[in-house]
Structures are given as structure tokens and as C-alpha cells.
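Below: protein.pdb (PDB, C-alpha atoms)
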MODEL        1
ATOM      1  CA  MET A  22     -89.633  48.191-106.098
ATOM      2  CA  VAL A  23     -92.199  45.595-106.963
ATOM      3  CA  GLU A  24     -95.893  46.090-107.180
ATOM      4  CA  PRO A  25     -97.541  43.455-105.027
ATOM      5  CA  THR A  26     -99.637  42.566-108.059
ATOM      6  CA  ASP A  27     -96.540  41.176-109.782
ATOM      7  CA  LEU A  28     -95.918  38.712-107.000
ATOM      8  CA  GLN A  29     -99.603  37.855-106.834
ATOM      9  CA  LEU A  30     -99.581  37.319-110.560
ATOM     10  CA  VAL A  31     -96.566  35.049-110.332
ATOM     11  CA  ALA A  32     -98.290  33.064-107.590
ATOM     12  CA  SER A  33    -101.417  32.731-109.769
ATOM     13  CA  LEU A  34     -99.375  31.551-112.737
ATOM     14  CA  ARG A  35     -97.486  29.054-110.642
ATOM     15  CA  GLY A  36    -100.824  27.777-109.424
ATOM     16  CA  GLY A  37    -101.910  27.150-113.013
ATOM     17  CA  ASP A  38    -104.469  29.977-113.142
ATOM     18  CA  GLU A  39    -105.406  30.067-116.815
ATOM     19  CA  ALA A  40    -107.448  33.267-116.543
ATOM     20  CA  ALA A  41    -104.449  35.127-115.157
ATOM     21  CA  PHE A  42    -102.293  33.859-118.000
ATOM     22  CA  ARG A  43    -104.877  34.766-120.618
ATOM     23  CA  GLN A  44    -105.064  38.297-119.264
ATOM     24  CA  ILE A  45    -101.362  39.084-119.517
ATOM     25  CA  VAL A  46    -101.099  37.366-122.875
ATOM     26  CA  ARG A  47    -103.874  39.574-124.226
ATOM     27  CA  GLU A  48    -102.262  42.632-122.724
ATOM     28  CA  TRP A  49     -98.686  42.039-123.865
ATOM     29  CA  ASN A  50     -98.909  39.875-126.951
ATOM     30  CA  ALA A  51     -99.006  42.585-129.617
ATOM     31  CA  SER A  52     -96.012  44.357-128.079
ATOM     32  CA  MET A  53     -94.130  41.101-127.685
ATOM     33  CA  LEU A  54     -94.602  40.407-131.382
ATOM     34  CA  ARG A  55     -93.334  43.872-132.259
ATOM     35  CA  VAL A  56     -90.245  43.459-130.148
ATOM     36  CA  ALA A  57     -89.537  39.971-131.495
ATOM     37  CA  GLN A  58     -89.742  41.338-135.015
ATOM     38  CA  ILE A  59     -86.797  43.627-134.345
ATOM     39  CA  PHE A  60     -84.692  40.479-134.444
ATOM     40  CA  VAL A  61     -86.416  37.869-136.573
ATOM     41  CA  PRO A  62     -87.423  38.255-140.197
ATOM     42  CA  SER A  63     -91.082  37.239-140.187
ATOM     43  CA  ARG A  64     -94.263  37.463-138.228
ATOM     44  CA  ALA A  65     -94.546  33.676-138.167
ATOM     45  CA  ILE A  66     -91.124  33.283-136.549
ATOM     46  CA  ALA A  67     -91.944  36.119-134.152
ATOM     47  CA  GLU A  68     -95.033  34.165-133.047
ATOM     48  CA  ASP A  69     -92.804  31.147-132.473
ATOM     49  CA  VAL A  70     -90.428  33.256-130.422
ATOM     50  CA  VAL A  71     -93.284  34.544-128.276
ATOM     51  CA  GLY A  72     -94.445  30.992-127.578
ATOM     52  CA  GLU A  73     -90.909  29.905-126.742
ATOM     53  CA  THR A  74     -90.549  32.941-124.484
ATOM     54  CA  TRP A  75     -93.662  32.059-122.502
ATOM     55  CA  LEU A  76     -92.390  28.554-121.976
ATOM     56  CA  ARG A  77     -89.081  29.878-120.703
ATOM     57  CA  VAL A  78     -90.876  32.409-118.505
ATOM     58  CA  LEU A  79     -93.127  29.751-116.985
ATOM     59  CA  ASN A  80     -90.226  27.408-116.377
ATOM     60  CA  ALA A  81     -88.260  30.200-114.731
ATOM     61  CA  LEU A  82     -91.084  31.583-112.565
ATOM     62  CA  ASP A  83     -89.527  30.111-109.431
ATOM     63  CA  ARG A  84     -86.501  32.261-110.076
ATOM     64  CA  PHE A  85     -88.427  35.530-110.462
ATOM     65  CA  GLU A  86     -87.181  37.612-107.569
ATOM     66  CA  GLY A  87     -89.059  40.792-108.231
ATOM     67  CA  ARG A  88     -85.952  42.881-108.720
ATOM     68  CA  SER A  89     -87.518  44.232-111.891
ATOM     69  CA  SER A  90     -91.182  44.308-112.808
ATOM     70  CA  LEU A  91     -92.600  41.080-114.198
ATOM     71  CA  LYS A  92     -93.194  42.858-117.505
ATOM     72  CA  THR A  93     -89.575  43.970-117.807
ATOM     73  CA  TRP A  94     -88.403  40.497-116.853
ATOM     74  CA  VAL A  95     -90.620  38.844-119.471
ATOM     75  CA  PHE A  96     -89.452  41.247-122.187
ATOM     76  CA  ARG A  97     -85.810  40.676-121.308
ATOM     77  CA  ILE A  98     -86.346  36.952-121.750
ATOM     78  CA  LEU A  99     -88.177  37.710-125.000
ATOM     79  CA  VAL A 100     -85.243  39.733-126.347
ATOM     80  CA  ASN A 101     -82.774  36.977-125.450
ATOM     81  CA  THR A 102     -84.980  34.323-127.010
ATOM     82  CA  ALA A 103     -85.396  36.394-130.174
ATOM     83  CA  LYS A 104     -81.646  37.010-130.478
ATOM     84  CA  THR A 105     -80.890  33.321-130.081
ATOM     85  CA  ARG A 106     -83.512  32.435-132.658
ATOM     86  CA  ALA A 107     -82.171  35.045-135.074
ATOM     87  CA  GLN A 108     -78.717  33.484-134.837
ATOM     88  CA  ARG A 109     -80.182  30.051-135.454
ATOM     89  CA  GLU A 110     -81.955  31.455-138.506
ATOM     90  CA  GLY A 111     -78.599  32.689-139.715
ATOM     91  CA  ARG A 112     -79.752  36.256-139.533
ATOM     92  CA  VAL A 113     -77.273  38.910-138.618
ATOM     93  CA  VAL A 114     -78.819  40.423-135.531
ATOM     94  CA  PRO A 115     -79.190  44.124-136.157
ATOM     95  CA  PHE A 116     -77.534  45.125-132.917
ATOM     96  CA  SER A 117     -76.420  48.327-134.542
ATOM     97  CA  SER A 118     -80.003  49.287-135.260
ATOM     98  CA  LEU A 119     -80.771  49.150-131.545
ATOM     99  CA  GLN A 120     -77.437  50.053-130.043
ATOM    100  CA  ASP A 121     -76.376  52.740-132.442
ATOM    101  CA  PRO A 122     -79.402  54.086-134.290
ATOM    102  CA  GLY A 123     -77.867  57.535-134.570
ATOM    103  CA  ARG A 124     -75.090  56.284-136.817
ATOM    104  CA  VAL A 125     -77.175  56.750-139.921
ATOM    105  CA  PRO A 126     -78.655  60.237-139.930
ATOM    106  CA  GLU A 127     -82.320  60.633-140.670
ATOM    107  CA  ALA A 128     -84.071  63.990-140.926
ATOM    108  CA  ALA A 129     -87.313  64.465-139.000
ATOM    109  CA  VAL A 130     -88.607  66.620-141.839
ATOM    110  CA  ASP A 131     -87.669  66.598-145.532
ATOM    111  CA  PRO A 132     -84.776  69.123-145.868
ATOM    112  CA  GLU A 133     -86.475  70.442-149.029
ATOM    113  CA  ARG A 134     -89.071  72.077-146.839
ATOM    114  CA  PHE A 135     -86.535  74.510-145.377
ATOM    115  CA  ARG A 136     -84.664  77.408-146.899
ATOM    116  CA  PRO A 137     -81.119  76.448-147.814
ATOM    117  CA  GLU A 138     -78.209  77.084-145.482
ATOM    118  CA  ASP A 139     -76.855  79.790-147.736
ATOM    119  CA  ASP A 140     -80.162  81.662-147.728
ATOM    120  CA  GLU A 141     -79.328  85.323-147.200
ATOM    121  CA  ARG A 142     -81.996  86.116-144.683
ATOM    122  CA  TYR A 143     -83.528  82.997-143.188
ATOM    123  CA  PRO A 144     -81.273  79.965-143.537
ATOM    124  CA  GLY A 145     -82.895  76.797-142.217
ATOM    125  CA  HIS A 146     -86.309  78.397-141.804
ATOM    126  CA  TRP A 147     -89.481  76.861-143.184
ATOM    127  CA  SER A 148     -90.134  77.373-146.864
ATOM    128  CA  SER A 149     -93.001  74.881-146.887
ATOM    129  CA  PRO A 150     -94.358  75.100-143.323
ATOM    130  CA  PRO A 151     -96.834  72.723-141.712
ATOM    131  CA  ARG A 152    -100.450  73.813-141.543
ATOM    132  CA  GLU A 153    -102.851  73.317-138.701
ATOM    133  CA  LEU A 154    -104.522  69.934-138.811
ATOM    134  CA  PRO A 155    -108.321  69.746-138.791
ATOM    135  CA  GLU A 156    -109.100  68.883-135.179
ATOM    136  CA  GLU A 157    -112.449  67.306-136.020
ATOM    137  CA  ARG A 158    -110.811  64.661-138.207
ATOM    138  CA  LEU A 159    -107.910  63.799-135.920
ATOM    139  CA  LEU A 160    -109.621  60.973-134.101
ATOM    140  CA  ALA A 161    -111.698  59.677-137.022
ATOM    141  CA  ALA A 162    -111.415  55.933-137.610
ATOM    142  CA  GLU A 163    -109.783  56.496-140.998
ATOM    143  CA  THR A 164    -107.133  58.783-139.501
ATOM    144  CA  ARG A 165    -106.335  56.218-136.840
ATOM    145  CA  ALA A 166    -106.096  53.515-139.494
ATOM    146  CA  ARG A 167    -103.559  55.681-141.350
ATOM    147  CA  ILE A 168    -101.516  56.071-138.188
ATOM    148  CA  ALA A 169    -101.587  52.323-137.588
ATOM    149  CA  ALA A 170    -100.432  51.778-141.181
ATOM    150  CA  ALA A 171     -97.644  54.320-140.739
ATOM    151  CA  ILE A 172     -96.408  52.455-137.665
ATOM    152  CA  ASP A 173     -96.534  49.163-139.580
ATOM    153  CA  ALA A 174     -94.345  50.720-142.265
ATOM    154  CA  LEU A 175     -91.613  51.784-139.801
ATOM    155  CA  PRO A 176     -88.355  49.883-139.385
ATOM    156  CA  ALA A 177     -88.946  47.211-136.730
ATOM    157  CA  ASN A 178     -86.865  48.903-134.024
ATOM    158  CA  GLN A 179     -88.750  52.196-134.396
ATOM    159  CA  ALA A 180     -92.113  50.424-134.565
ATOM    160  CA  ALA A 181     -91.378  48.569-131.336
ATOM    161  CA  VAL A 182     -90.349  51.692-129.445
ATOM    162  CA  ILE A 183     -93.286  53.882-130.551
ATOM    163  CA  ARG A 184     -95.695  51.063-129.841
ATOM    164  CA  LEU A 185     -94.387  50.516-126.309
ATOM    165  CA  ARG A 186     -94.202  54.220-125.512
ATOM    166  CA  ASP A 187     -97.179  55.764-127.275
ATOM    167  CA  VAL A 188     -99.669  52.920-127.712
ATOM    168  CA  ASP A 189     -98.989  50.946-124.548
ATOM    169  CA  GLY A 190     -97.959  53.920-122.441
ATOM    170  CA  TRP A 191     -94.687  52.518-121.100
ATOM    171  CA  SER A 192     -92.196  54.931-119.545
ATOM    172  CA  SER A 193     -88.868  55.526-121.248
ATOM    173  CA  GLU A 194     -87.198  53.684-118.381
ATOM    174  CA  GLU A 195     -89.377  50.614-118.886
ATOM    175  CA  VAL A 196     -88.554  50.555-122.591
ATOM    176  CA  ARG A 197     -84.837  50.988-121.913
ATOM    177  CA  ASN A 198     -84.834  48.149-119.426
ATOM    178  CA  ALA A 199     -86.930  45.816-121.529
ATOM    179  CA  LEU A 200     -84.922  46.341-124.723
ATOM    180  CA  ASP A 201     -81.603  46.868-122.961
ATOM    181  CA  ILE A 202     -80.828  50.086-124.814
ATOM    182  CA  SER A 203     -79.496  53.420-123.628
ATOM    183  CA  GLU A 204     -81.654  56.412-122.847
ATOM    184  CA  VAL A 205     -80.251  58.288-125.841
ATOM    185  CA  ASN A 206     -80.884  55.440-128.271
ATOM    186  CA  GLN A 207     -84.394  55.005-126.985
ATOM    187  CA  ARG A 208     -84.999  58.680-127.661
ATOM    188  CA  VAL A 209     -83.453  58.586-131.141
ATOM    189  CA  LEU A 210     -85.714  55.699-132.129
ATOM    190  CA  LEU A 211     -88.773  57.363-130.611
ATOM    191  CA  HIS A 212     -87.957  60.645-132.350
ATOM    192  CA  ARG A 213     -87.641  59.014-135.745
ATOM    193  CA  ALA A 214     -90.776  56.980-135.284
ATOM    194  CA  ARG A 215     -92.880  59.923-134.149
ATOM    195  CA  SER A 216     -91.461  62.148-136.878
ATOM    196  CA  ARG A 217     -92.389  59.669-139.591
ATOM    197  CA  VAL A 218     -95.845  59.099-138.169
ATOM    198  CA  ARG A 219     -96.386  62.862-137.910
ATOM    199  CA  GLN A 220     -95.439  63.151-141.564
ATOM    200  CA  ALA A 221     -97.992  60.474-142.457
ATOM    201  CA  LEU A 222    -100.634  62.339-140.466
ATOM    202  CA  GLU A 223     -99.781  65.590-142.236
ATOM    203  CA  ASP A 224     -99.768  63.900-145.637
ATOM    204  CA  TYR A 225    -103.205  62.492-145.002
ATOM    205  CA  LEU A 226    -104.934  65.418-143.285
ATOM    206  CA  GLY A 227    -102.952  68.302-144.696
ATOM    207  CA  THR A 228    -103.679  67.599-148.332
ATOM    208  CA  GLU A 229    -107.433  67.412-148.059
ATOM    209  CA  THR A 230    -108.215  70.544-146.130
ATOM    210  CA  GLY A 231    -111.023  72.284-147.926
TER     211      GLY A 231
ATOM    212  CA  MET B  16     -79.940  88.513-129.998
ATOM    213  CA  ASN B  17     -78.096  86.443-127.447
ATOM    214  CA  ALA B  18     -74.468  85.590-127.554
ATOM    215  CA  VAL B  19     -75.662  82.027-128.138
ATOM    216  CA  GLU B  20     -76.734  81.428-131.690
ATOM    217  CA  ALA B  21     -80.479  81.108-132.151
ATOM    218  CA  LEU B  22     -81.983  77.837-133.421
ATOM    219  CA  SER B  23     -83.187  77.594-136.989
ATOM    220  CA  CYS B  24     -86.513  75.868-137.681
ATOM    221  CA  GLN B  25     -84.648  72.956-139.254
ATOM    222  CA  GLU B  26     -82.625  72.516-136.066
ATOM    223  CA  LEU B  27     -85.665  72.880-133.855
ATOM    224  CA  VAL B  28     -87.625  70.016-135.416
ATOM    225  CA  GLU B  29     -84.791  67.655-134.468
ATOM    226  CA  LEU B  30     -85.075  68.681-130.800
ATOM    227  CA  VAL B  31     -88.817  68.223-130.410
ATOM    228  CA  THR B  32     -88.647  64.749-128.861
ATOM    229  CA  ASP B  33     -85.870  65.760-126.472
ATOM    230  CA  TYR B  34     -88.041  68.737-125.533
ATOM    231  CA  LEU B  35     -91.152  66.634-124.934
ATOM    232  CA  GLU B  36     -89.085  64.100-122.977
ATOM    233  CA  GLY B  37     -87.653  66.810-120.758
ATOM    234  CA  ALA B  38     -84.166  65.892-121.928
ATOM    235  CA  LEU B  39     -82.914  69.237-123.237
ATOM    236  CA  ALA B  40     -79.966  70.840-121.468
ATOM    237  CA  PRO B  41     -80.904  74.195-119.897
ATOM    238  CA  GLY B  42     -79.260  76.248-122.661
ATOM    239  CA  ASP B  43     -80.971  74.298-125.421
ATOM    240  CA  LEU B  44     -84.269  74.454-123.576
ATOM    241  CA  ARG B  45     -84.041  78.232-123.441
ATOM    242  CA  ARG B  46     -83.186  78.493-127.135
ATOM    243  CA  PHE B  47     -86.013  76.087-127.969
ATOM    244  CA  GLU B  48     -88.583  78.056-126.007
ATOM    245  CA  GLU B  49     -87.375  81.386-127.355
ATOM    246  CA  HIS B  50     -87.697  80.106-130.897
ATOM    247  CA  ILE B  51     -91.171  78.648-130.324
ATOM    248  CA  ALA B  52     -92.371  81.879-128.704
ATOM    249  CA  GLY B  53     -91.566  83.799-131.876
ATOM    250  CA  CYS B  54     -92.300  81.240-134.606
ATOM    251  CA  GLY B  55     -95.880  80.317-135.478
ATOM    252  CA  LYS B  56     -94.726  77.698-137.977
ATOM    253  CA  CYS B  57     -92.729  75.767-135.423
ATOM    254  CA  THR B  58     -95.562  76.199-132.919
ATOM    255  CA  THR B  59     -97.800  74.445-135.448
ATOM    256  CA  TYR B  60     -95.155  71.767-135.946
ATOM    257  CA  LEU B  61     -94.904  71.135-132.209
ATOM    258  CA  ALA B  62     -98.699  70.969-132.015
ATOM    259  CA  GLN B  63     -98.693  68.357-134.792
ATOM    260  CA  MET B  64     -96.193  66.247-132.879
ATOM    261  CA  ARG B  65     -98.399  66.398-129.796
ATOM    262  CA  GLU B  66    -101.437  65.499-131.923
ATOM    263  CA  THR B  67     -99.526  62.583-133.409
ATOM    264  CA  ILE B  68     -98.773  61.261-129.929
ATOM    265  CA  ARG B  69    -102.387  61.750-128.877
ATOM    266  CA  VAL B  70    -103.829  59.877-131.867
ATOM    267  CA  THR B  71    -101.249  57.092-131.537
ATOM    268  CA  GLY B  72    -102.367  56.723-127.936
ATOM    269  CA  THR B  73    -105.900  55.897-129.075
ATOM    270  CA  LEU B  74    -104.787  52.861-131.069
ATOM    271  CA  LYS B  75    -105.611  49.564-129.476
ATOM    272  CA  PRO B  76    -103.350  46.573-129.306
ATOM    273  CA  GLU B  77    -104.305  44.316-132.183
ATOM    274  CA  ASP B  78    -106.645  41.684-130.879
ATOM    275  CA  LEU B  79    -104.998  38.382-130.373
ATOM    276  CA  SER B  80    -106.272  35.989-133.026
ATOM    277  CA  PRO B  81    -108.351  33.157-131.519
ATOM    278  CA  ASP B  82    -105.867  30.649-132.944
ATOM    279  CA  ALA B  83    -102.869  32.350-131.394
ATOM    280  CA  GLU B  84    -104.651  32.643-128.067
ATOM    281  CA  ARG B  85    -105.656  28.978-128.151
ATOM    282  CA  GLU B  86    -102.082  27.930-128.855
ATOM    283  CA  LEU B  87    -100.688  29.979-125.986
ATOM    284  CA  LEU B  88    -103.340  28.700-123.608
ATOM    285  CA  ALA B  89    -102.585  25.116-124.651
ATOM    286  CA  LEU B  90     -98.935  25.813-123.960
ATOM    287  CA  PHE B  91     -99.856  27.118-120.527
ATOM    288  CA  ASP B  92    -102.094  24.161-119.718
ATOM    289  CA  GLY B  93     -99.387  21.755-120.832
ATOM    290  CA  TRP B  94     -96.947  23.496-118.545
ATOM    291  CA  ALA B  95     -99.374  23.654-115.608
ATOM    292  CA  ARG B  96    -100.051  19.907-115.834
ATOM    293  CA  ARG B  97     -96.382  18.993-116.032
TER     294      ARG B  97
ENDMDL
END

As C-alpha cells, what does this structure read like?
Amino acid sequence: MVEPTDLQLVASLRGGDEAAFRQIVREWNASMLRVAQIFVPSRAIAEDVVGETWLRVLNALDRFEGRSSLKTWVFRILVNTAKTRAQREGRVVPFSSLQDPGRVPEAAVDPERFRPEDDERYPGHWSSPPRELPEERLLAAETRARIAAAIDALPANQAAVIRLRDVDGWSSEEVRNALDISEVNQRVLLHRARSRVRQALEDYLGTETG
Amino acid sequence: MNAVEALSCQELVELVTDYLEGALAPGDLRRFEEHIAGCGKCTTYLAQMRETIRVTGTLKPEDLSPDAERELLALFDGWARR
């Protein structure tokens, strides 16, 4: 299943169409950097990896068969390039963080906010419940800046998944294919990322309600 | 009460993403919805998760710095002229 636009795009790139290249670079670059940073330790190296990826993509265009979308194909090459670079940098590639994120438990909400398990009447029920957020401030520039900062503060694997899913609007299947992770692991990473960002939103908006 | 044990709030918050992704097994889905129907606090929590997703969706990809864009375009031109 290939959108005709993918093949058209490939034809444009092969023909040296700079405008077509600029457009996909602008569209994908931020996400490519996020994904690269799962594997390599710095933004500067991630930028290198993205450049190297594009070169590999361009050189391999003749071999693009359209069995996956162009985007998925490019991100698969990106992941391989980033892994190779991480090895060259002597960095232990955090496979476990992508392949087995559930190994280390992480609560969506601070356990202190619930009644203890041995509570006589309501074990595990809210003791410090969330309050409604002020709708009128949700989309304020400052709120959005806080959300962006919260995403920046996430572990790289969570940041990449929430960015692809919730900022770029990818489907879970696209993310799974691009990052080569299972459906469950994709969901674990998304859950943790969204839970932490929700907490940041609550911390910011919940404390200043007048 | 059902024969199946009801969810606590602490258990429910861990299922929210599975719920929103449509990935809950039928039994868990029923327990989730039963809990939400009777718990205003978890209803608020679920609303906050939806609001989080909505606000995140309004973020824009960071603009590509002019330098980075120039470098990538130079790379492309070099390749195209090969």
C-alpha cells in the first residue's frame, strides 16, 4: 500500500528537485533528531546522523520499492545509522530502553497520592485527586511552552514516541514500524511520556487556580 | 459487585493509555468504564490526559535552523550533481 505521492516524491528527489527535498526535510527533521537522540548522546551527533541518513537515503533511492511508506523507510535507515554511530562512539546502545521499557516499573501518578493498600475502606483510591484544569489557560502560549519543556525533559525514547504520536500525528503502527518496536512497548513508552507530561500540566495549571 | 474485582483508582490510571488506544481486553474495558462511570476523580484524571494530548498536538515541530537547512540542502545538491 503506497500512496502515489511517495513514488512521485521519490521521482522528484531522483530528478534533483531541491524544493521537494527541502519540504520533507522541514517536515521530518525535528522528529528525525528526536529519534536519533534515542541512540546517540548529543544533539550535535544526532544532527550528524541525520545528515548521514539523508545521504544513505538518497544513494538508496533506486532501491526504494514502496513496500513501506517512504517515511517509514527513511526512519528505518535513520535508526540503523544511529545505532551504527552509537557503536562507533563506544556507547552502549540502549536496546533495552526500546525493546523492554516495561522492565523498570514507573508509576503514572505518584503513589503518595493514593490511599495505601491496607486502607480499611478505600485502598488505592485517590487521597490527593486531580482537579479540573482551567480550560481558558490550556492553550495559552506559556502552557504550551511548559508542555514542550516537559517533553524535552523526558528520557529520549519516551520523547521520541510522544513526539511522533502526539505532535506529528503518526499512527501507532507507523511508530512501531519506524522504530522497530512491538505494539506493547510502543504503548508503554507512550503511556509514560503522556503521564509525565500530564503531571507537568497539572503542576503548572493546578497550583495557580484562583 | 461483580465476581471480577473492581479496579482501584491507582490501577485505573495505569490503564488510561491502553483505554485511549483501544487496546483493553473486553473484561478490562468493562471494569474501566464501570469505574469511570462512578468516580468523578478518575473522570477528571481521564479528562486531563485527553487535554494533555490535545495541547501536545498544538506544538509545532521546531523550525529547522537556517544553518542546518543550508547544510542539508548542500548535501542534496552535492548528491544531485554527482

Stretch 82-100 of chain A: axis-aligned bounding box, 8 Å on each side, centre and edge lengths in Å, one decimal, as AutoDock Vina command-line options:
--center_x -89.2 --center_y 37.2 --center_z -117.0 --size_x 24.0 --size_y 30.2 --size_z 34.8

Residue IDs satisfying the ChimeraX specification (/A :<6) & /B, as a PyMOL selection string: chain B and resi 23-25+32+56+67+71-72+76+95

What gap, in Å, lies between atom CA of A:Val125 and atom CA of A:Ala214?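 For atom CA of A:Val125 relative to atom CA of A:Ala214, the distance reads 14.4 Å.
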
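Our summary of the geometry notes that atom CA of B:Ala38 is positioned 23.0 Å from atom CA of A:Thr93.
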
One decimal, in Å: what's the spacing between atom CA of B:Glu84 and atom CA of A:Arg88? 28.8 Å

What's the 12 Å shell around A:Asp27, counting only C-alpha atoms, without same-chain residues fewer than 3 positions away, as an MDAnalysis selection string? chainID A and resid 22:24 30:34 41 45 82 85:95

Taking only C-alpha atoms into account, name the residue in B:Glu77, B:Glu48, B:Glu86, B:Asp92 that is nearest to B:Leu35. B:Glu48

Got a sec to resolve the PyMOL selection byres ((chain B and resi 45) around 12) on this structure and send the residues as JSON, numbers by chain? {"B": [17, 19, 20, 21, 22, 27, 34, 39, 40, 41, 42, 43, 44, 46, 47, 48, 49, 50, 51, 52]}

Atoms added to stretch 73-94 of chain B (N, CA and C atoms), reported as an mmCIF file, in the coordinates of the input:
data_model
loop_
_atom_site.group_PDB
_atom_site.id
_atom_site.type_symbol
_atom_site.label_atom_id
_atom_site.label_comp_id
_atom_site.auth_asym_id
_atom_site.auth_seq_id
_atom_site.Cartn_x
_atom_site.Cartn_y
_atom_site.Cartn_z
ATOM 1 N N THR B 73 -104.540 56.443 -129.014
ATOM 2 C CA THR B 73 -105.900 55.897 -129.075
ATOM 3 C C THR B 73 -105.944 54.561 -129.810
ATOM 4 N N LEU B 74 -104.801 54.157 -130.386
ATOM 5 C CA LEU B 74 -104.787 52.861 -131.069
ATOM 6 C C LEU B 74 -104.892 51.759 -130.025
ATOM 7 N N LYS B 75 -105.494 50.681 -130.409
ATOM 8 C CA LYS B 75 -105.611 49.564 -129.476
ATOM 9 C C LYS B 75 -104.664 48.463 -129.913
ATOM 10 N N PRO B 76 -104.166 47.725 -128.922
ATOM 11 C CA PRO B 76 -103.350 46.573 -129.306
ATOM 12 C C PRO B 76 -104.185 45.682 -130.226
ATOM 13 N N GLU B 77 -103.561 45.203 -131.285
ATOM 14 C CA GLU B 77 -104.305 44.316 -132.183
ATOM 15 C C GLU B 77 -104.847 43.166 -131.349
ATOM 16 N N ASP B 78 -106.090 42.817 -131.625
ATOM 17 C CA ASP B 78 -106.645 41.684 -130.879
ATOM 18 C C ASP B 78 -105.849 40.435 -131.213
ATOM 19 N N LEU B 79 -105.677 39.654 -130.189
ATOM 20 C CA LEU B 79 -104.998 38.382 -130.373
ATOM 21 C C LEU B 79 -105.924 37.491 -131.200
ATOM 22 N N SER B 80 -105.409 36.870 -132.240
ATOM 23 C CA SER B 80 -106.272 35.989 -133.026
ATOM 24 C C SER B 80 -106.657 34.796 -132.146
ATOM 25 N N PRO B 81 -107.894 34.289 -132.347
ATOM 26 C CA PRO B 81 -108.351 33.157 -131.519
ATOM 27 C C PRO B 81 -107.379 31.971 -131.602
ATOM 28 N N ASP B 82 -106.815 31.759 -132.787
ATOM 29 C CA ASP B 82 -105.867 30.649 -132.944
ATOM 30 C C ASP B 82 -104.630 30.855 -132.081
ATOM 31 N N ALA B 83 -104.089 32.060 -132.152
ATOM 32 C CA ALA B 83 -102.869 32.350 -131.394
ATOM 33 C C ALA B 83 -103.155 32.218 -129.902
ATOM 34 N N GLU B 84 -104.308 32.722 -129.486
ATOM 35 C CA GLU B 84 -104.651 32.643 -128.067
ATOM 36 C C GLU B 84 -104.816 31.184 -127.626
ATOM 37 N N ARG B 85 -105.448 30.397 -128.483
ATOM 38 C CA ARG B 85 -105.656 28.978 -128.151
ATOM 39 C C ARG B 85 -104.307 28.269 -128.007
ATOM 40 N N GLU B 86 -103.404 28.576 -128.914
ATOM 41 C CA GLU B 86 -102.082 27.930 -128.855
ATOM 42 C C GLU B 86 -101.341 28.281 -127.570
ATOM 43 N N LEU B 87 -101.393 29.569 -127.196
ATOM 44 C CA LEU B 87 -100.688 29.979 -125.986
ATOM 45 C C LEU B 87 -101.333 29.381 -124.738
ATOM 46 N N LEU B 88 -102.677 29.294 -124.762
ATOM 47 C CA LEU B 88 -103.340 28.700 -123.608
ATOM 48 C C LEU B 88 -103.036 27.202 -123.507
ATOM 49 N N ALA B 89 -102.936 26.543 -124.645
ATOM 50 C CA ALA B 89 -102.585 25.116 -124.651
ATOM 51 C C ALA B 89 -101.181 24.936 -124.088
ATOM 52 N N LEU B 90 -100.305 25.847 -124.477
ATOM 53 C CA LEU B 90 -98.935 25.813 -123.960
ATOM 54 C C LEU B 90 -98.940 25.966 -122.443
ATOM 55 N N PHE B 91 -99.773 26.883 -121.966
ATOM 56 C CA PHE B 91 -99.856 27.118 -120.527
ATOM 57 C C PHE B 91 -100.422 25.893 -119.804
ATOM 58 N N ASP B 92 -101.484 25.323 -120.364
ATOM 59 C CA ASP B 92 -102.094 24.161 -119.718
ATOM 60 C C ASP B 92 -101.124 22.988 -119.688
ATOM 61 N N GLY B 93 -100.396 22.813 -120.789
ATOM 62 C CA GLY B 93 -99.387 21.755 -120.832
ATOM 63 C C GLY B 93 -98.342 21.947 -119.740
ATOM 64 N N TRP B 94 -97.951 23.185 -119.575
ATOM 65 C CA TRP B 94 -96.947 23.496 -118.545
ATOM 66 C C TRP B 94 -97.516 23.277 -117.140
#
